[in-house]
file data_37.cif (mmCIF, C-alpha atoms)
data_run
#
loop_
_atom_site.label_atom_id
_atom_site.label_comp_id
_atom_site.auth_asym_id
_atom_site.auth_seq_id
_atom_site.Cartn_x
_atom_site.Cartn_y
_atom_site.Cartn_z
CA MET W 1 -5.15 72.93 -221.54
CA ALA W 2 -5.36 69.34 -220.36
CA ASN W 3 -6.51 68.59 -216.84
CA THR W 4 -4.10 65.69 -216.45
CA VAL W 5 -0.31 65.28 -216.55
CA LYS W 6 -0.41 62.42 -219.09
CA VAL W 7 -1.78 64.11 -222.21
CA LYS W 8 -0.59 61.51 -224.71
CA LYS W 9 1.00 58.24 -223.67
CA TYR W 10 2.42 55.43 -225.71
CA SER W 11 3.82 53.79 -222.61
CA ASP W 12 2.53 53.72 -219.08
CA VAL W 13 5.53 53.21 -216.82
CA ILE W 14 4.52 54.38 -213.33
CA GLU W 15 6.45 54.06 -210.07
CA GLU W 16 5.20 54.92 -206.60
CA LEU W 17 7.94 56.66 -204.62
CA VAL W 18 8.00 58.79 -201.47
CA ALA W 19 8.00 62.60 -201.63
CA GLY W 20 11.15 64.15 -200.18
CA GLY W 21 9.43 67.57 -200.05
CA THR W 22 6.40 69.29 -201.53
CA ILE W 23 5.73 67.99 -205.04
CA THR W 24 3.29 69.46 -207.57
CA PRO W 25 1.86 67.19 -210.28
CA GLY W 26 3.66 67.97 -213.54
CA MET W 27 7.01 68.63 -211.82
CA LEU W 28 10.16 67.10 -213.26
CA LEU W 29 11.64 64.89 -210.53
CA ASP W 30 14.94 63.47 -209.30
CA ILE W 31 14.94 59.99 -207.78
CA SER W 32 17.37 59.54 -204.87
CA ALA W 33 19.27 56.40 -203.91
CA THR W 34 16.72 55.92 -201.09
CA ASN W 35 13.77 55.95 -203.55
CA THR W 36 12.48 59.37 -202.57
CA VAL W 37 11.61 62.00 -205.16
CA THR W 38 12.32 65.72 -205.09
CA ALA W 39 12.03 68.54 -207.61
CA ALA W 40 14.70 68.01 -210.27
CA THR W 41 17.73 70.18 -209.62
CA GLY W 42 19.40 69.75 -212.98
CA ALA W 43 19.51 67.77 -216.17
CA GLY W 44 18.86 64.18 -215.18
CA THR W 45 19.29 61.29 -217.55
CA LEU W 46 15.73 60.03 -217.08
CA PRO W 47 12.65 62.26 -217.38
CA VAL W 48 10.31 61.49 -214.46
CA PHE W 49 7.16 63.53 -213.78
CA ALA W 50 4.79 63.61 -210.82
CA LEU W 51 1.26 62.56 -211.73
CA GLU W 52 -1.92 63.77 -210.07
CA ASP W 53 -3.01 61.50 -207.21
CA GLU W 54 -6.16 60.29 -208.97
CA LEU W 55 -6.34 57.26 -206.67
CA GLN W 56 -7.23 59.69 -203.86
CA GLY W 57 -9.55 61.80 -206.05
CA LYS W 58 -7.00 64.64 -206.41
CA GLY W 59 -6.16 66.70 -209.49
CA ILE W 60 -3.17 68.46 -211.00
CA ASP W 61 -3.49 71.40 -208.58
CA ASN W 62 -3.23 69.24 -205.43
CA ASN W 63 0.33 68.99 -204.10
CA TYR W 64 1.91 65.99 -202.44
CA ALA W 65 3.35 66.68 -198.98
CA SER W 66 6.71 65.40 -197.79
CA GLY W 67 6.40 61.71 -196.93
CA ASP W 68 3.38 61.09 -199.18
CA PRO W 69 3.51 58.31 -201.78
CA VAL W 70 3.89 59.97 -205.21
CA GLN W 71 2.68 58.51 -208.49
CA CYS W 72 5.68 59.04 -210.83
CA TRP W 73 5.45 58.66 -214.61
CA ILE W 74 8.47 57.83 -216.74
CA PRO W 75 7.33 59.02 -220.18
CA TYR W 76 8.60 57.49 -223.40
CA ARG W 77 9.81 59.25 -226.54
CA GLY W 78 6.82 60.94 -228.18
CA ASP W 79 4.67 61.07 -225.03
CA VAL W 80 3.16 64.49 -224.24
CA VAL W 81 3.43 65.81 -220.67
CA ASN W 82 1.46 68.65 -219.07
CA ALA W 83 4.49 70.10 -217.27
CA ILE W 84 5.17 73.35 -215.40
CA LEU W 85 6.96 76.31 -216.98
CA LYS W 86 8.80 78.60 -214.56
CA ALA W 87 7.47 82.15 -214.12
CA GLY W 88 9.56 84.63 -216.09
CA LYS W 89 10.27 82.11 -218.87
CA LYS W 90 8.69 81.53 -222.28
CA THR W 91 8.44 78.88 -224.96
CA ALA W 92 7.38 78.81 -228.58
CA ILE W 93 5.96 75.78 -230.33
CA GLY W 94 8.81 73.46 -231.31
CA THR W 95 11.45 75.00 -229.02
CA PRO W 96 13.50 72.63 -226.86
CA VAL W 97 12.82 72.73 -223.11
CA ALA W 98 15.04 71.70 -220.20
CA SER W 99 15.05 71.58 -216.41
CA ASN W 100 15.05 74.95 -214.68
CA GLY W 101 16.66 73.34 -211.62
CA ASP W 102 13.54 73.49 -209.42
CA GLY W 103 11.24 70.86 -210.93
CA LYS W 104 9.96 73.33 -213.48
CA LEU W 105 10.98 73.81 -217.11
CA LYS W 106 12.48 76.58 -219.20
CA GLN W 107 13.45 77.05 -222.83
CA ALA W 108 16.72 75.17 -223.29
CA GLY W 109 19.80 77.32 -223.69
CA THR W 110 23.46 76.69 -224.39
CA GLY W 111 24.72 73.93 -222.10
CA ASP W 112 21.23 72.66 -221.19
CA THR W 113 20.15 69.10 -221.94
CA PRO W 114 16.70 69.24 -223.57
CA ILE W 115 14.09 66.73 -222.37
CA GLY W 116 11.52 67.61 -225.01
CA PHE W 117 9.97 70.20 -227.30
CA ALA W 118 7.15 72.62 -226.46
CA VAL W 119 3.83 71.70 -228.03
CA THR W 120 2.23 74.96 -226.85
CA ALA W 121 3.51 78.53 -226.80
CA VAL W 122 3.59 80.11 -223.34
CA ASP W 123 4.97 83.55 -222.42
CA LEU W 124 5.43 84.21 -218.71
CA THR W 125 7.85 87.14 -219.07
CA GLY W 126 5.29 89.80 -218.18
CA SER W 127 5.06 91.59 -214.86
CA GLY W 128 3.37 89.51 -212.16
CA ALA W 129 3.52 86.27 -214.16
CA THR W 130 3.29 83.03 -212.20
CA ASP W 131 4.25 79.45 -213.06
CA ALA W 132 1.97 77.96 -215.73
CA ARG W 133 1.39 74.73 -217.60
CA VAL W 134 3.11 73.90 -220.88
CA LEU W 135 2.64 70.82 -223.04
CA VAL W 136 5.94 69.08 -223.83
CA ARG W 137 6.67 66.22 -226.25
CA ILE W 138 9.43 64.05 -224.78
CA ILE W 139 12.49 63.32 -226.94
#

call {"tool": "encode", "arguments": {"input": "data_37.cif", "output": "structure tokens"}}
result
Amino acid sequence: MANTVKVKKYSDVIEELVAGGTITPGMLLDISATNTVTAATGAGTLPVFALEDELQGKGIDNNYASGDPVQCWIPYRGDVVNAILKAGKKTAIGTPVASNGDGKLKQAGTGDTPIGFAVTAVDLTGSGATDARVLVRII
């Protein structure tokens, strides 16, 4: 698995916004009217993901704290993101994924707005499973 959030990029649109809570690189984000970012609570119209804070020498496992400046990537159609799949969920290659409502992703179901398709198969439905990374191609 990639050790960065931007696995494949055709565009490089990055904004620096302020964390409105704890943010993990790879989380799907909501941008507020006051330019703060929080874990996405639903299906937004614009996919925005937290990047690792490489300017400070940090990786994808280092969280941003509330009030920290967050490097936010707005991926373009076809870009591949190293996102976070929610524990208890699963994806198969080619299945649509959507917001789980907590900054993490799940396999899209009826009524969900897909943001992309899984590039890797991940099954977190087993006992004791924790959140894990999944590669997603943005649509």

call {"tool": "residues_around", "arguments": {"input": "data_37.cif", "residues": "Ala50 (chain W)", "least_positions_apart": "6", "cutoff": "10 Å", "atoms": "all atoms listed in the file", "output": "ChimeraX atom specification"}}
result
/W:5-6,14-17,19,23-29,37-39,60,63-64,70-74,83,103

call {"tool": "residues_near_point", "arguments": {"input": "data_37.cif", "point": "(6.3, 79.0, -214.4)", "cutoff": "7 Å", "atoms": "only C-alpha atoms", "output": "MDAnalysis selection string"}}
result
chainID W and resid 84:89 104 124 130:132

call {"tool": "residues_near_point", "arguments": {"input": "data_37.cif", "point": "(23.6, 71.9, -221.4)", "cutoff": "10 Å", "atoms": "all atoms listed in the file", "output": "MDAnalysis selection string"}}
result
chainID W and resid 42:43 98:99 108:114

call {"tool": "atom_distance", "arguments": {"input": "data_37.cif", "atom1": "CA of Asp61 (chain W)", "atom2": "CA of Ile139 (chain W)"}}
result
25.6 Å

call {"tool": "resolve_selection", "arguments": {"input": "data_37.cif", "expression": "the PyMOL selection byres ((chain W and resi 116) around 6)", "output": "compact mmCIF listing (two decimals) with C-alpha atoms, in the frame of the given file"}}
result
# COMPACT_ATOMS: atom_id res chain seq x y z
CA PRO W 96 13.50 72.63 -226.86
CA VAL W 97 12.82 72.73 -223.11
CA PRO W 114 16.70 69.24 -223.57
CA ILE W 115 14.09 66.73 -222.37
CA PHE W 117 9.97 70.20 -227.30
CA VAL W 136 5.94 69.08 -223.83
CA ARG W 137 6.67 66.22 -226.25
CA ILE W 138 9.43 64.05 -224.78
CA ILE W 139 12.49 63.32 -226.94

call {"tool": "closest_residue", "arguments": {"input": "data_37.cif", "among": "W:Lys9, W:Arg77, W:Lys90, W:Lys58", "to": "Thr120 (chain W)", "atoms": "all atoms listed in the file"}}
result
W:Lys90

call {"tool": "atom_distance", "arguments": {"input": "data_37.cif", "atom1": "CA of Asn100 (chain W)", "atom2": "CA of Ala129 (chain W)"}}
result
16.2 Å

call {"tool": "closest_residue", "arguments": {"input": "data_37.cif", "among": "W:Gln56, W:Gly101, W:Val119, W:Asp79", "to": "Tyr10 (chain W)", "atoms": "all atoms listed in the file"}}
result
W:Asp79

call {"tool": "atom_distance", "arguments": {"input": "data_37.cif", "atom1": "CA of Ser32 (chain W)", "atom2": "CA of Lys8 (chain W)"}}
result
26.8 Å
